[in-house]
Each structure stands twice: as structure tokens, then as C-alpha cells.
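Chemist: File structure.txt below, compact mmCIF, C-alpha atoms:
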# COMPACT_ATOMS: atom_id res chain seq x y z
CA MET A 1 -29.02 26.71 1.57
CA THR A 2 -25.44 25.59 1.17
CA ASP A 3 -22.24 27.29 2.31
CA LYS A 4 -23.95 29.52 4.87
CA THR A 5 -22.03 28.50 7.94
CA ALA A 6 -19.29 26.12 8.89
CA ALA A 7 -20.34 22.77 10.25
CA SER A 8 -20.27 22.38 13.99
CA SER A 9 -17.49 20.33 15.51
CA ALA A 10 -19.93 17.93 17.17
CA THR A 11 -22.38 15.91 15.07
CA LEU A 12 -25.97 16.27 16.21
CA GLY A 13 -27.69 13.03 17.11
CA ARG A 14 -31.40 12.33 17.50
CA ALA A 15 -31.05 12.70 21.27
CA ASP A 16 -29.81 16.28 20.75
CA LEU A 17 -32.74 17.07 18.47
CA LYS A 18 -35.61 15.53 20.41
CA ALA A 19 -38.02 17.85 22.18
CA ASP A 20 -41.62 17.13 23.20
CA LYS A 21 -43.01 13.66 22.59
CA PRO A 22 -44.92 13.62 19.27
CA THR A 23 -48.68 13.64 19.73
CA TRP A 24 -49.66 12.34 16.30
CA CYS A 25 -51.95 9.33 16.05
CA PRO A 26 -50.13 5.97 16.06
CA GLY A 27 -49.30 5.04 12.48
CA CYS A 28 -49.34 8.62 11.16
CA GLY A 29 -46.92 9.15 8.27
CA ASP A 30 -45.59 12.31 9.89
CA PHE A 31 -43.47 10.24 12.30
CA SER A 32 -41.37 9.12 9.33
CA VAL A 33 -40.81 12.71 8.19
CA LEU A 34 -39.73 13.76 11.69
CA ALA A 35 -37.22 10.89 12.01
CA THR A 36 -35.85 11.65 8.55
CA TYR A 37 -35.40 15.34 9.36
CA GLN A 38 -33.55 14.56 12.57
CA LYS A 39 -31.28 12.14 10.73
CA LEU A 40 -30.49 14.64 7.98
CA LEU A 41 -29.69 17.44 10.40
CA GLY A 42 -27.02 15.18 11.85
CA GLU A 43 -25.66 14.50 8.37
CA PHE A 44 -25.51 18.15 7.34
CA GLY A 45 -23.70 19.06 10.53
CA TRP A 46 -25.25 22.50 10.79
CA PRO A 47 -24.68 24.16 14.18
CA GLN A 48 -27.81 23.64 16.21
CA GLU A 49 -28.26 27.37 16.81
CA THR A 50 -28.46 28.02 13.05
CA ILE A 51 -31.36 25.63 12.36
CA ALA A 52 -34.87 27.09 12.10
CA THR A 53 -37.84 24.72 11.97
CA LEU A 54 -41.01 26.49 10.87
CA SER A 55 -44.66 25.52 10.40
CA GLY A 56 -48.18 26.80 9.99
CA ILE A 57 -51.33 25.15 11.38
CA GLY A 58 -52.46 21.53 11.17
CA CYS A 59 -51.43 18.08 12.36
CA SER A 60 -48.15 18.21 10.45
CA SER A 61 -47.54 21.76 11.62
CA ARG A 62 -47.04 20.66 15.22
CA PHE A 63 -43.62 19.65 13.93
CA PRO A 64 -41.62 22.43 15.68
CA TYR A 65 -42.68 21.17 19.11
CA PHE A 66 -40.98 17.85 18.45
CA VAL A 67 -37.53 19.02 17.35
CA ASN A 68 -34.98 20.88 19.48
CA THR A 69 -34.07 23.81 17.21
CA HIS A 70 -35.12 27.42 16.83
CA SER A 71 -38.78 26.99 15.98
CA VAL A 72 -41.85 28.96 14.98
CA HIS A 73 -45.45 27.68 14.90
CA PHE A 74 -47.19 30.42 12.95
CA ILE A 75 -50.77 31.27 11.96
CA HIS A 76 -52.70 29.28 9.36
CA GLY A 77 -51.39 29.75 5.84
CA ARG A 78 -48.94 32.51 6.73
CA ILE A 79 -45.72 30.72 7.63
CA LEU A 80 -44.20 31.27 4.17
CA PRO A 81 -44.27 35.10 4.41
CA PHE A 82 -42.63 34.76 7.83
CA ALA A 83 -40.06 32.34 6.39
CA THR A 84 -39.40 34.78 3.54
CA GLY A 85 -38.38 37.51 5.97
CA LEU A 86 -36.26 35.08 7.97
CA SER A 87 -34.47 33.77 4.89
CA LEU A 88 -33.70 37.26 3.57
CA SER A 89 -32.69 38.87 6.87
CA ARG A 90 -30.72 36.00 8.43
CA PRO A 91 -28.41 34.37 5.85
CA ASP A 92 -26.68 32.52 8.70
CA LEU A 93 -29.79 30.41 9.39
CA HIS A 94 -31.05 27.24 7.72
CA PRO A 95 -34.86 27.54 7.63
CA VAL A 96 -36.94 24.45 6.82
CA VAL A 97 -40.75 24.68 6.64
CA PHE A 98 -43.16 21.79 7.34
CA ILE A 99 -46.78 22.25 6.31
CA GLY A 100 -49.82 20.23 5.31
CA ASP A 101 -51.81 20.26 2.08
CA GLY A 102 -54.45 22.62 3.45
CA ASP A 103 -51.91 25.11 4.75
CA ALA A 104 -49.85 24.89 1.55
CA TYR A 105 -52.43 24.85 -1.21
CA SER A 106 -55.55 26.47 0.26
CA ILE A 107 -55.23 29.40 2.65
CA GLY A 108 -51.48 29.62 1.98
CA GLY A 109 -51.60 28.87 -1.73
CA ASN A 110 -50.95 32.42 -2.90
CA HIS A 111 -47.92 32.75 -0.62
CA PHE A 112 -46.56 29.48 -2.01
CA ASP A 113 -46.72 30.88 -5.54
CA HIS A 114 -44.81 34.02 -4.61
CA CYS A 115 -42.13 32.19 -2.63
CA ALA A 116 -41.57 29.96 -5.63
CA ARG A 117 -41.20 32.78 -8.13
CA LYS A 118 -38.82 34.66 -5.82
CA ASN A 119 -36.64 31.54 -5.56
CA LEU A 120 -35.83 32.07 -1.90
CA ARG A 121 -33.23 30.00 -0.10
CA LEU A 122 -35.85 27.93 1.62
CA THR A 123 -36.86 24.27 1.86
CA VAL A 124 -40.52 23.29 2.23
CA VAL A 125 -41.79 19.80 3.02
CA VAL A 126 -45.52 19.40 2.36
CA MET A 127 -46.95 16.50 4.36
CA ASP A 128 -49.93 15.80 2.14
CA ASN A 129 -52.63 13.51 3.55
CA GLU A 130 -55.42 14.70 1.23
CA VAL A 131 -57.67 15.67 4.14
CA TYR A 132 -58.03 18.24 6.92
CA GLY A 133 -57.21 15.82 9.72
CA LEU A 134 -56.76 18.12 12.73
CA THR A 135 -60.35 19.33 12.39
CA LYS A 136 -61.62 15.77 11.99
CA LYS A 137 -62.06 15.19 8.26
CA GLN A 138 -62.94 17.95 5.85
CA THR A 139 -62.19 18.02 2.11
CA SER A 140 -58.77 19.51 1.36
CA PRO A 141 -57.39 20.97 -1.90
CA THR A 142 -55.82 17.60 -2.77
CA SER A 143 -58.77 15.37 -1.79
CA PRO A 144 -59.80 13.23 -4.79
CA LEU A 145 -63.12 13.53 -6.60
CA GLY A 146 -65.83 11.67 -4.72
CA PHE A 147 -64.08 11.99 -1.34
CA LYS A 148 -66.69 11.90 1.41
CA SER A 149 -66.09 14.17 4.38
CA LYS A 150 -67.94 16.37 6.85
CA THR A 151 -67.93 19.18 4.32
CA ASP A 152 -68.81 16.89 1.38
CA PRO A 153 -70.95 14.06 2.77
CA TRP A 154 -72.21 13.38 -0.77
CA GLY A 155 -68.65 13.14 -2.14
CA SER A 156 -66.44 15.98 -3.34
CA LYS A 157 -67.29 17.46 -6.74
CA MET A 158 -64.15 19.62 -6.84
CA THR A 159 -61.19 18.71 -9.02
CA PRO A 160 -58.12 18.38 -6.78
CA ILE A 161 -55.11 20.52 -7.53
CA ASN A 162 -51.94 18.95 -8.91
CA PRO A 163 -49.15 20.07 -6.52
CA THR A 164 -46.21 19.30 -8.80
CA LYS A 165 -47.73 21.13 -11.77
CA LYS A 166 -48.56 24.09 -9.55
CA LEU A 167 -45.05 24.30 -8.09
CA ILE A 168 -43.25 23.99 -11.42
CA SER A 169 -45.44 26.64 -13.05
CA SER A 170 -44.96 28.99 -10.08
CA GLY A 171 -41.18 28.96 -10.51
CA ALA A 172 -39.86 26.61 -7.81
CA SER A 173 -36.31 25.63 -8.77
CA PHE A 174 -36.53 22.20 -7.09
CA VAL A 175 -39.62 19.98 -7.03
CA ALA A 176 -39.69 16.36 -5.83
CA ARG A 177 -42.23 13.78 -4.66
CA SER A 178 -41.93 11.07 -2.07
CA ILE A 179 -43.99 9.13 0.44
CA ALA A 180 -43.66 8.70 4.20
CA SER A 181 -43.91 4.91 3.97
CA ASN A 182 -40.60 4.75 2.07
CA PRO A 183 -38.16 6.45 4.49
CA LYS A 184 -35.08 5.66 2.40
CA HIS A 185 -36.50 7.43 -0.64
CA LEU A 186 -37.87 10.26 1.50
CA ALA A 187 -34.39 10.84 2.95
CA GLU A 188 -32.93 11.02 -0.56
CA MET A 189 -35.47 13.65 -1.62
CA MET A 190 -35.21 15.75 1.54
CA ARG A 191 -31.41 15.56 1.45
CA ALA A 192 -31.35 16.86 -2.12
CA ALA A 193 -33.89 19.57 -1.29
CA MET A 194 -32.02 20.81 1.79
CA ALA A 195 -28.77 20.97 -0.21
CA HIS A 196 -30.37 22.92 -3.09
CA ASP A 197 -29.50 26.61 -3.35
CA GLY A 198 -32.96 28.03 -4.00
CA PHE A 199 -36.63 27.35 -3.33
CA SER A 200 -36.96 23.58 -2.90
CA VAL A 201 -40.14 21.63 -2.25
CA VAL A 202 -40.77 17.98 -1.39
CA GLU A 203 -44.37 16.86 -1.82
CA CYS A 204 -44.58 13.95 0.64
CA LEU A 205 -47.65 11.72 0.74
CA SER A 206 -48.27 11.13 4.45
CA GLU A 207 -51.22 8.91 5.31
CA CYS A 208 -53.80 10.04 7.85
CA VAL A 209 -54.68 6.71 9.48
CA MET A 210 -57.67 8.17 11.31
CA PHE A 211 -59.55 10.04 8.60
CA ASN A 212 -58.10 8.88 5.28
CA ALA A 213 -56.75 5.39 5.87
CA GLY A 214 -55.51 3.48 2.85
CA SER A 215 -55.46 6.56 0.63
CA PHE A 216 -51.95 5.84 -0.67
CA ASP A 217 -52.03 2.04 -0.82
CA SER A 218 -51.67 2.23 -4.62
CA ALA A 219 -48.10 3.47 -4.07
CA VAL A 220 -47.14 0.93 -1.39
CA PRO A 221 -45.85 -2.42 -2.74
CA ARG A 222 -46.53 -4.35 0.48
CA LYS A 223 -50.19 -3.31 0.12
CA GLY A 224 -50.38 -4.34 -3.51
CA GLY A 225 -49.41 -0.98 -4.98
CA GLU A 226 -46.52 0.14 -7.18
CA PHE A 227 -43.84 2.63 -6.19
CA LYS A 228 -42.77 4.03 -9.55
CA LEU A 229 -39.49 5.93 -9.56
CA VAL A 230 -38.89 8.83 -11.92
CA PRO A 231 -37.22 7.21 -14.98
CA ASP A 232 -33.42 7.38 -15.08
CA ALA A 233 -33.64 9.02 -18.51
CA HIS A 234 -35.68 11.94 -17.17
CA ASP A 235 -33.95 15.32 -17.59
CA VAL A 236 -34.62 17.24 -14.38
CA GLY A 237 -33.80 20.50 -16.15
CA ASP A 238 -36.51 19.99 -18.77
CA GLU A 239 -39.66 21.81 -17.66
CA GLU A 240 -41.88 20.17 -20.27
CA ALA A 241 -40.65 16.72 -19.23
CA ALA A 242 -41.45 17.59 -15.62
CA TYR A 243 -45.00 18.55 -16.62
CA ALA A 244 -45.34 15.24 -18.45
CA LEU A 245 -44.48 13.38 -15.24
CA ALA A 246 -46.90 15.54 -13.27
CA ARG A 247 -49.75 14.64 -15.63
CA GLU A 248 -49.45 10.92 -14.83
CA LYS A 249 -52.42 9.28 -13.13
CA PHE A 250 -52.22 9.04 -9.33
CA PRO A 251 -50.09 7.85 -7.58
CA GLY A 252 -47.69 8.89 -10.35
CA TYR A 253 -43.92 8.91 -10.13
CA PHE A 254 -41.64 9.51 -7.16
CA GLY A 255 -38.32 11.32 -7.34
CA ILE A 256 -36.97 14.66 -8.52
CA TYR A 257 -39.24 16.16 -11.16
CA TYR A 258 -37.48 19.45 -11.71
CA GLN A 259 -34.22 21.05 -10.61
CA VAL A 260 -32.49 24.09 -12.06
CA GLN A 261 -30.06 26.68 -10.77
CA ARG A 262 -31.05 30.32 -11.09
CA PRO A 263 -30.34 33.41 -8.99
CA THR A 264 -32.05 33.46 -5.61
CA LEU A 265 -33.76 36.53 -4.24
CA ASN A 266 -31.27 36.35 -1.37
CA GLU A 267 -28.40 36.68 -3.81
CA SER A 268 -30.06 39.51 -5.73
CA GLU A 269 -30.89 41.54 -2.63
CA ALA A 270 -27.37 41.08 -1.31
CA SER A 271 -26.36 43.67 -3.92
CA LEU A 272 -28.06 46.30 -1.74
CA ARG A 273 -24.89 47.03 0.20
CA PRO A 274 -24.70 49.46 3.13
CA GLU A 275 -22.68 51.80 0.93
CA SER A 276 -25.46 52.04 -1.67
CA PRO A 277 -26.63 55.67 -2.02
CA ILE A 278 -30.25 56.41 -1.11
CA ARG A 279 -32.38 59.54 -0.71
CA GLY A 280 -32.26 60.97 2.81
CA ALA A 281 -35.25 62.32 4.75
CA ASP A 282 -34.29 65.90 3.81
CA GLY A 283 -33.96 65.03 0.14
CA SER A 284 -30.18 64.77 0.20
CA ARG A 285 -28.22 61.73 -0.92
CA GLU A 286 -26.76 59.57 1.81
CA GLN A 287 -25.57 56.04 2.29
CA LEU A 288 -27.81 53.21 3.40
CA GLY A 289 -25.38 52.38 6.18
CA ALA A 290 -25.81 55.84 7.69
CA THR A 291 -29.58 55.43 7.70
CA LEU A 292 -29.39 51.99 9.29
CA LYS A 293 -27.43 53.43 12.22
CA ASN A 294 -30.54 55.39 13.17
CA PHE A 295 -32.34 52.09 13.84
CA THR A 296 -29.66 50.47 16.01
Rewrite the structure from the file as C-alpha cells, please.
Modeler:
Amino acid sequence: MTDKTAASSATLGRADLKADKPTWCPGCGDFSVLATYQKLLGEFGWPQETIATLSGIGCSSRFPYFVNTHSVHFIHGRILPFATGLSLSRPDLHPVVFIGDGDAYSIGGNHFDHCARKNLRLTVVVMDNEVYGLTKKQTSPTSPLGFKSKTDPWGSKMTPINPTKKLISSGASFVARSIASNPKHLAEMMRAAMAHDGFSVVECLSECVMFNAGSFDSAVPRKGGEFKLVPDAHDVGDEEAAYALAREKFPGYFGIYYQVQRPTLNESEASLRPESPIRGADGSREQLGATLKNFT
């Protein structure tokens, strides 16, 4: 997502980026993600008209209402196909997607896999609270075994997915983990993701204080937990080493698990220039540019 447009002359402040007042429950981890995003937009200096904030459905996906940028609040599980088209057709924009664990790994799971393998110029922040919170507590794809909810009053018998393993195996070129209760670390991960040229994902643990309170205490030092950083010796370009980190018992490690540079789909499709010859409607050869004129 780098080098798309020149930075604006005026630095954006939080006042420029505020929109509606957030309606999340007091104490929700999503507030931290919103504040971090607003801060980073000011740092990157992208012109306000080139920023696109996108989301699906869920508590976290109300994000676009709370930030003053071009925004889309799309249907459940389908924001990534929309973001794919936006990323490929508008190289001047900086699209950032905010979704929850249900949107990302359940109804939208297949789209996530394909976005990762295509290596689009796109940043995704998954605000994972391990529960469907907007619909008042149902088991989500990341809910732990034994989790009691309206859909599993006896306790979930389903093995939760491992987001980092899934993302690495799908082909994402940047995968990191953080937590909303550590805003400094979260800013570091989101900053690196937004600067990455390719498909970048930050898996952010974001506590739902209403329906899954205390779920991430084991990663919060002030609550008796341990916030373990990815070891300094870790090679972010080593896929097997990234899998090894991902296999660690919850809450695991926090930091960049995997980061490599490989051609983006945006770069590859840019080779389809207007002068490229194509087959015309009458069977003759013509240039793509001539055909495009018929649609303008």
C-alpha cells in the first residue's frame, strides 16, 4: 500500500477523522483499535479523500461510521470481495478492512483464503473477541472448547480455528498478532501492516466485556497474565518458524509472525495495458483501449 499517492500537505488529526460517536459498550477493546487507526492515518499523511475504511457485519464492523473517510459497511462475510475490486480498480486509494472473527473466519472464511493467495494490496484488521457479540453471545469460529453460549449451552465441542496458521497457509504475505489492551504494540503491528506492499493481516484480540469478559486476561500482565513478544531471533521470512509460533498454547506470542515480499495481484494485473491486443466482438483483433472507450 506504499507509494500510491503523495502525502497531503496538512497532517490529519483525530478531530479531522472523527465521525459519529462510537456506540460500543464501555470497555470494549474496539475503542483502542479505532484510536490507533486514527493516529496512524495522521502519521501516514495520506490525503483524506484517498482513504477507504471498509467493514462487514458485527460489532467491530460498525467501524466505518466512526471515522471520517470514504467508508463502506457491507453485507455479512462479503466485504473482502468488495475490497478486492476496490483495490484492483482504484490504485490511488488506501483500503483498510476491519472485521470480526465471525465475519472473517466463518461466513467470510473462503473469501479470506482467496484474498490471501492473490496477495492483494490490502490491510485487514480482525478484531477477534471469540464470540458473536452483536447477536448477544453465540459460539464463534475462535471460541474455545467448552465455551458456553446461546448456541452451545452445554459448552462448545468444536475445535476453534487457529487464525495465524490459517492465514499463513492461505498465502498472506504479512501476518501479525496483537491485543487491544496494549495500544503501543497494536500501533506497531498496524503501522507495519499498513506499510506492507501486499495482503497484510493483524489478528487483534479485542475483549467483549459484555459476553466474553476476561477471555484474554492470560495475556494481560496487570491481570496476572503474560504478554509474550515474538522472540527477537525469529525469522519472519521462515514459514516453518511462523507455524511453530502459531502452534503455541493460547495466548501465544504477539508480534510479526510472517512477512515476505512477493508480487501482488495489483502489480500483475497492471501488465494488462490499454494497448494490449484483444479479440473484438466481430472476431477481429483490436486494442483494449478501443474497447474501453465503448463503456465511457
Chemist: Could you give me, as a tab-separated table (two decimals) with C-alpha atoms, in the coordinates of the input, the residues within 10 Å of Phe250 (chain A), counting all atoms listed in the file and dropping anything in the same chain fewer than 5 positions from it?
Modeler:
chain	number	residue	atom	x	y	z
A	144	PRO	CA	-59.80	13.23	-4.79
A	162	ASN	CA	-51.94	18.95	-8.91
A	216	PHE	CA	-51.95	5.84	-0.67
A	218	SER	CA	-51.67	2.23	-4.62
A	219	ALA	CA	-48.10	3.47	-4.07
Chemist: Any idea what the distance is between CA of Ala176 (chain A) and CA of Ala193 (chain A)?
Modeler: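 Distance reported for this atom pair: 8.0 Å.
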Chemist: Using only C-alpha atoms, pick whichever of A:Cys204, A:Leu134, A:Ile256, A:Val126 has the shortest atom-to-atom distance to Ser178 (chain A).
Modeler: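 That would be A:Cys204, the residue with the smallest distance to Ser178 (chain A).
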Chemist: Calculate how many Å separate CA of Leu145 (chain A) from CA of Met158 (chain A), rounding to one decimal.
Modeler: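 Separating CA of Leu145 (chain A) from CA of Met158 (chain A) is a distance of 6.2 Å.
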Chemist: What does the distance between CA of Tyr257 (chain A) and CA of Lys157 (chain A) come to in Å, to one decimal place?
Modeler: 28.4 Å
Chemist: Once you count all atoms listed in the file, what closest atom pair and distance in Å to one decimal does each residue of region 172-280 of chain A within 6 Å of region 11-31 of chain A have, with rows by chain and rising residue number, as CSV?
Modeler:
residue,atom,partner,partner_atom,distance
A:Ala180,CA,A:Gly29,CA,5.2
A:Ser206,CA,A:Gly29,CA,4.5
A:Glu207,CA,A:Gly29,CA,5.2
A:Cys208,CA,A:Cys28,CA,5.7
A:Val209,CA,A:Cys28,CA,5.9
Chemist: I need the residue nearest Gly225 (chain A) from this list: A:Gly237, A:Pro47, A:Pro263, A:Gly252. Use all atoms listed in the file for the distance.
Modeler: A:Gly252
Chemist: Residues around (-33.5, 35.4, 3.9), cut-off 12 Å, counting only C-alpha atoms - what are they as a ChimeraX atom specification?
Modeler: /A:1,4,52,80-96,115,118-123,198-199,264-270
Chemist: Measuring atom to atom with all atoms listed in the file, identify which of A:Asn182, A:Ser61, A:Thr142, A:Ser215 is nearest to Gly255 (chain A).
Modeler: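 Checking each candidate against Gly255 (chain A), we get A:Asn182 as the closest.
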Chemist: Taking all atoms listed in the file into account, which of A:Pro251, A:Pro231, A:Gly109, A:Gly42 comes nearest Asp217 (chain A)?
Modeler: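 When distances to Asp217 (chain A) are compared using all atoms listed in the file, the smallest one comes from A:Pro251.
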